[in-house]
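The block underneath contains the structure these notes are about, expressed in structure tokens.
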Amino acid sequence: MLEILSEIDRLQEEINSFRPLAPNTLKQLKEYYRVGLTYSSNALEGNSLTETETKVVLEDGITIGGKPIKDYYEALGHSEAYDYIYKLSKERGFTENDIKKLHKLFYHRIDEARSGRYRKEKVLISGSKYPLPGPEKVPELMEGFIKKMEGSAKKNHPVVYSALAHKELVFIHPFVDGNGRVARLLMNLILLQNGYCIALIPPILRRDYINALEKAHTDDKEFSEFISRAVRETQKDYLRLLRG
């Protein structure tokens with residue numbers, strides 16, 4: 001783990017050497033990762049849009065023939081939530097209301113009544129042997145989550161902190177749907193706030209991602225390492241774009 005974090009720190013120093021970036025370069029990078037994160041995060045949850053189709057939806061506003069309308073709504077909603085993490089990246093930390101806003105932006109086209117609101121019903125994660133907390137516990141758990149993350153930010157490497165925030169939010173599962181998307185947005189918000197670039201989890205690694213997350217119920221080492229590798233690989237891609 002220390003070896004991966006050391007490489008991340010080295011890559012980050014190289015990224016920082018290119019800064020400040022020209023406004024047009026920043027804009028192009030933001031749009032590049034808008035498509036990449038929207039596609040990959042939605043695909044991890046079963047969205048059928050390809051990366052090219054996601055790009056068409058976001059840039060041209062065109063629905064894709066033969067694809068579910070929900071997949072189209074998820075792409076648009078995720079893009080709006082992506083803009084919001086960039087807005088929040090200029091600040092430090094995050095609040096419960098920020099997390100609710102991320103969910104509302106992502107989910108309002110799908111279910112306006114439940115977007116941005118904590119769930120009022122029991123939910124299950126298929127394939128997991130760990131039960132989720134009942135809906136009556138969610139408000140208290142979310143309040144505790146915010147306080148816990150404030151402490152975690154002070155004692156962990158920023159990349160590890162982002163992984164722990166992702167894990168903890170998924171385990172609370174505060175919303176009826178869209179929890180994975182919101183957790184990955186929150187993870188990336190933390191990375192942006194600490195000067196890192198957006199980190200993508202390739203859909204091809206979905207099984208490894210889910211397995212590591214399941215193991216994190218008892219030991220989060222493997223999940224933290226998984227997220228750290230994702231950050232490292234995205235840093236390499238970011239540097240490729242900067243050098244180009």
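Ordering of the structure tokens sets the chain letters (A, B, ...), residue numbers begin anew at 1 in every chain, and ligands are numbered from 1 in the order given.
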
Which residues are near Ser128 in chain A? Cut-off 10 Å, only C-alpha atoms, ignore same chain within fewer than 2 positions. Put them as a PyMOL selection string. chain A and resi 124-126+130-132+210-211+213-215

File dump, residues just selected, N, CA and C atoms, as a tab-separated table (two decimals), in the first residue's frame:
```tsv
chain	number	residue	atom	x	y	z
A	124	LEU	N	-31.92	-4.01	-0.19
A	124	LEU	CA	-30.96	-5.11	-0.16
A	124	LEU	C	-29.93	-4.91	-1.25
A	125	ILE	N	-28.73	-5.40	-1.02
A	125	ILE	CA	-27.71	-5.45	-2.07
A	125	ILE	C	-27.57	-6.89	-2.50
A	126	SER	N	-27.93	-7.19	-3.72
A	126	SER	CA	-27.87	-8.57	-4.19
A	126	SER	C	-26.41	-9.05	-4.18
A	130	TYR	N	-24.08	-9.00	3.92
A	130	TYR	CA	-24.20	-8.04	5.00
A	130	TYR	C	-25.47	-7.21	4.83
A	131	PRO	N	-26.36	-7.25	5.81
A	131	PRO	CA	-27.61	-6.47	5.71
A	131	PRO	C	-27.34	-4.98	5.84
A	132	LEU	N	-28.16	-4.19	5.18
A	132	LEU	CA	-28.06	-2.74	5.26
A	132	LEU	C	-28.85	-2.24	6.46
A	210	ILE	N	-16.47	-4.91	-6.67
A	210	ILE	CA	-17.52	-5.39	-5.78
A	210	ILE	C	-16.95	-6.32	-4.71
A	211	ASN	N	-16.03	-7.19	-5.11
A	211	ASN	CA	-15.42	-8.11	-4.15
A	211	ASN	C	-14.63	-7.35	-3.08
A	213	LEU	N	-15.10	-4.29	-2.12
A	213	LEU	CA	-16.06	-3.55	-1.30
A	213	LEU	C	-16.73	-4.48	-0.29
A	214	GLU	N	-17.03	-5.69	-0.71
A	214	GLU	CA	-17.64	-6.67	0.20
A	214	GLU	C	-16.68	-7.03	1.34
A	215	LYS	N	-15.41	-7.21	1.00
A	215	LYS	CA	-14.40	-7.54	2.02
A	215	LYS	C	-14.18	-6.39	2.99
```

Using only C-alpha atoms, which protein or nucleic acid residues come within 8 Å of range 153-166 of chain A? Drop anything in the same chain fewer than 2 positions from it, and give the result as a list in words.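 The neighbour list is Met149, Glu150, Gly151, Glu168, Leu169, Val170, Ala183, Arg184, Leu186, Met187, Asn188, Ile190, Leu191, Asn194, Asp220, Phe223, Ser224, Ile227, Ser228 and Val231 of chain A.
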
I'd like the neighbourhood of Leu37 in chain A as a ChimeraX atom specification, where a residue qualifies if any of its atoms comes within 8 Å (using only C-alpha atoms), though same-chain residues fewer than 6 positions away should be ignored. /A:198-200

Prev. selection, C-alpha atoms, output as a PDB file, in the first residue's frame:
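Output (out.pdb):
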```pdb
ATOM      1  CA  ILE A 198     -10.842  12.534 -11.391  1.00  0.00           C
ATOM      2  CA  ALA A 199     -10.403   8.781 -10.768  1.00  0.00           C
ATOM      3  CA  LEU A 200     -12.249   6.258 -12.935  1.00  0.00           C
TER       4      LEU A 200
END
```

Nearby residues (only C-alpha atoms) at most 8 Å from range 57-71 of chain A, same-chain spacing under 6 positions excluded, as a tab-separated table (two decimals) with N, CA and C atoms, in the first residue's frame:
```tsv
chain	number	residue	atom	x	y	z
A	35	VAL	N	-17.35	12.77	-19.54
A	35	VAL	CA	-17.80	11.60	-20.30
A	35	VAL	C	-17.27	10.32	-19.67
A	47	ASN	N	-25.95	0.40	-16.54
A	47	ASN	CA	-26.40	1.28	-17.63
A	47	ASN	C	-25.82	0.77	-18.95
A	48	SER	N	-26.64	0.71	-19.99
A	48	SER	CA	-26.24	0.08	-21.24
A	48	SER	C	-25.57	1.01	-22.24
A	49	LEU	N	-25.49	2.31	-21.93
A	49	LEU	CA	-24.88	3.25	-22.88
A	49	LEU	C	-23.37	2.99	-22.97
A	79	SER	N	-24.14	13.91	-15.20
A	79	SER	CA	-23.40	15.06	-15.72
A	79	SER	C	-23.66	16.31	-14.88
A	110	ILE	N	-35.50	10.61	-12.74
A	110	ILE	CA	-35.95	9.23	-12.58
A	110	ILE	C	-37.08	9.13	-11.57
```

Give me, as a PyMOL selection string, the residues of range 17-70 of chain A that a backbone DSSP run labels alpha helix (DSSP H). chain A and resi 17+23-44+51-60+69-70

Residue among A:Ile172, A:Asp83, A:Pro135, A:Gly144 lying closest to Tyr33 in chain A, counting only C-alpha atoms: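 Answer, going by the shortest atom-to-atom distance: A:Asp83.
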
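Contact shell of Pro133 in chain A at 12 Å (only C-alpha atoms; same-chain neighbours under 3 positions omitted): A:Arg119, A:Lys120, A:Glu121, A:Lys122, A:Val123, A:Leu124, A:Ile125, A:Tyr130, A:Glu136, A:Lys137, A:Val138, A:Pro139, A:Glu140, A:Leu141, A:Met142, A:Leu169, A:Val170, A:Phe171, A:Ile172, A:His173, A:Pro174, A:Phe175.
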
Deliver the residues from the most recent selection as a file, using C-alpha atoms, as an mmCIF file, in the first residue's frame.
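Wrote it out as out.cif, contents follow:
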```cif
data_model
loop_
_atom_site.group_PDB
_atom_site.id
_atom_site.type_symbol
_atom_site.label_atom_id
_atom_site.label_comp_id
_atom_site.auth_asym_id
_atom_site.auth_seq_id
_atom_site.Cartn_x
_atom_site.Cartn_y
_atom_site.Cartn_z
ATOM 1 C CA ARG A 119 -34.879 6.266 1.975
ATOM 2 C CA LYS A 120 -37.971 5.324 3.946
ATOM 3 C CA GLU A 121 -37.800 1.641 3.144
ATOM 4 C CA LYS A 122 -35.546 -1.367 3.559
ATOM 5 C CA VAL A 123 -33.217 -2.173 0.675
ATOM 6 C CA LEU A 124 -30.962 -5.111 -0.155
ATOM 7 C CA ILE A 125 -27.713 -5.447 -2.070
ATOM 8 C CA TYR A 130 -24.196 -8.040 5.002
ATOM 9 C CA GLU A 136 -35.006 4.626 10.645
ATOM 10 C CA LYS A 137 -31.240 4.553 11.343
ATOM 11 C CA VAL A 138 -30.150 6.447 8.224
ATOM 12 C CA PRO A 139 -30.420 10.055 9.523
ATOM 13 C CA GLU A 140 -28.365 9.298 12.625
ATOM 14 C CA LEU A 141 -25.823 7.274 10.639
ATOM 15 C CA MET A 142 -25.395 10.075 8.109
ATOM 16 C CA LEU A 169 -21.455 5.911 2.362
ATOM 17 C CA VAL A 170 -22.212 2.727 0.433
ATOM 18 C CA PHE A 171 -22.534 0.762 3.671
ATOM 19 C CA ILE A 172 -25.119 3.238 4.984
ATOM 20 C CA HIS A 173 -26.887 3.217 1.595
ATOM 21 C CA PRO A 174 -28.900 6.341 2.453
ATOM 22 C CA PHE A 175 -30.914 6.526 -0.764
#
```

Glu14 in chain A environment, 10 Å, only C-alpha atoms, sequence neighbours closer than 6 positions dropped, as a PyMOL selection string: chain A and resi 8+235+239

Export of prior selection with N, CA and C atoms as a PDB file, in the first residue's frame:
```pdb
ATOM      1  N   ILE A   8       1.796   7.393  -6.259  1.00  0.00           N
ATOM      2  CA  ILE A   8       0.765   8.419  -6.440  1.00  0.00           C
ATOM      3  C   ILE A   8       1.331   9.802  -6.114  1.00  0.00           C
ATOM      4  N   GLN A 235      -4.128   9.014 -12.975  1.00  0.00           N
ATOM      5  CA  GLN A 235      -3.043   9.993 -13.004  1.00  0.00           C
ATOM      6  C   GLN A 235      -2.162   9.793 -14.234  1.00  0.00           C
ATOM      7  N   LEU A 239      -1.569  12.528 -17.167  1.00  0.00           N
ATOM      8  CA  LEU A 239      -0.250  12.969 -17.607  1.00  0.00           C
ATOM      9  C   LEU A 239      -0.067  12.751 -19.103  1.00  0.00           C
TER      10      LEU A 239
END
```

To one decimal place, how far is CA of Pro203 in chain A from CA of Leu44 in chain A in Å? 5.2 Å

Looking at A:Lys148, A:Thr54, A:Ala113, A:Gly46, which one is nearest to Ile204 in chain A, with distances taken over only C-alpha atoms?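 Among A:Lys148, A:Thr54, A:Ala113, A:Gly46, it is A:Gly46 that comes nearest to Ile204 in chain A.
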
d(CA of Glu143 in chain A, CA of Phe94 in chain A) in Å: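 So the two atoms, CA of Glu143 in chain A and CA of Phe94 in chain A, lie 11.9 Å apart.
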
Have a look at CA of Gly180 in chain A and CA of Gly36 in chain A and let me know their distance in Å, one decimal.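 Separating CA of Gly180 in chain A from CA of Gly36 in chain A is a distance of 15.9 Å.
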
Env of range 101-104 of chain A: 9 Å cut, atoms = only C-alpha atoms, seq-sep filter 2 positions within chain, self excluded. Answer as a PyMOL selection string. chain A and resi 77-78+80-82+84-85+96-99+106-109+112+114-117+175+178-179+181-182+185-186

Minimum-distance residue to Glu31 in chain A, chosen among A:Met1, A:Asp219, A:Lys55, A:Tyr209 (using only C-alpha atoms): A:Lys55

Counting only C-alpha atoms, which residue out of A:Lys87, A:His217, A:Lys236, A:Lys147 sits closest to Gln12 in chain A?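 Looking only at the distances to Gln12 in chain A, the closest residue turns out to be A:Lys236.
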
Selected residue, from A:Leu88, A:Ala75, A:Ile146, A:Ala230, that lies nearest to Cys197 in chain A when counting only C-alpha atoms: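 Counting only C-alpha atoms, the residue closest to Cys197 in chain A is A:Ala230.
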